Amino acid sequence: MRIQSSNNRTLYITCRDSIDSEVDSNLTPYVVMLTAWIATDVPKILQGDLVRRLLLKGTRNFVCLGAFSEQLHDEIDEYIYRFDDESESELTTTILTTYHADESIEDGVNYFVCGTHFKDKTSNCLLAILSEKSYADGEVKSLLEAA
Amino acid sequence: MLQGNFEPLQIDPTGFFMGGAGKGKLTSQQQKSIRSLEKQISKHEKKVQDFKTNPTVRPGMEKLPKEVIQKQQQRRVKHLETEINTFKNNINKIKRGEIDS
């Protein structure tokens, strides 16, 4: 699903099960939202080398929402450290990772759509990866659709 | 505790922020974004402080040479400090209207 937000950003919403087709498309998601409402969400999101694939696609800002978003944030940071070690890159100095466990869903969505910053306006693409089975993600989706 | 070259957001009851070169009215989205960024600064500063106090070694890396471990630990601190500076810069960009909110 593609949405043009009120602040003129291009926002894509995809479910976790369809992420392969989105990541393999020509999409360059500069900012990606991931959600972890329960502990088991964290390994589910990290499986399939998703973070690596997003990094290679050009993602430079990970926004984590949910009660377990700090754990997800820390795992993503660990992944980026390992990525830099293995590839001798310096992604750690260019990537932002945030977590919003102590904020309302509305505030987290607001930060994702309005508070993130793009280096240039040609890469203003946001991608939210949500679960179709999660009630909270349904709320996130509704807020994103209205953004 | 927020530190460094960062001026905490001061908003009067009508939504005007006070101080800085770009004084003006902030939208509710901008105000929320700034509050989110302030929280990120606070949380990431705590992470840096905790790590400096207790620098851990990543699992599986314990047997690496000391210099390699130190380099990894420095990278972690640098990453968190870069993030904090970026959050502060982004707050200033929002105040100056340089981020489309």
# chains A, B, ... in the order shown; residues from 1 in each chain; ligands from 1
call {"tool": "interface_residues", "arguments": {"of": "chain A", "to": "chain B", "cutoff": "12 Å", "atoms": "only C-alpha atoms", "output": "MDAnalysis selection string"}}
result
chainID A and resid 5:9 60:64 70 73:75 77:86 88:121 124 147
call {"tool": "select_by_dssp", "arguments": {"residues": "chain A", "states": "alpha helix (DSSP H)", "output": "number ranges by chain"}}
result
A: 19-24, 41-46, 50-57, 69-87, 105-110, 135-145
call {"tool": "select_by_dssp", "arguments": {"residues": "segment 3-114 of chain A", "states": "strand (DSSP E or B)", "output": "PyMOL selection string"}}
result
chain A and resi 3-4+10-15+31-35+61-65+96-99
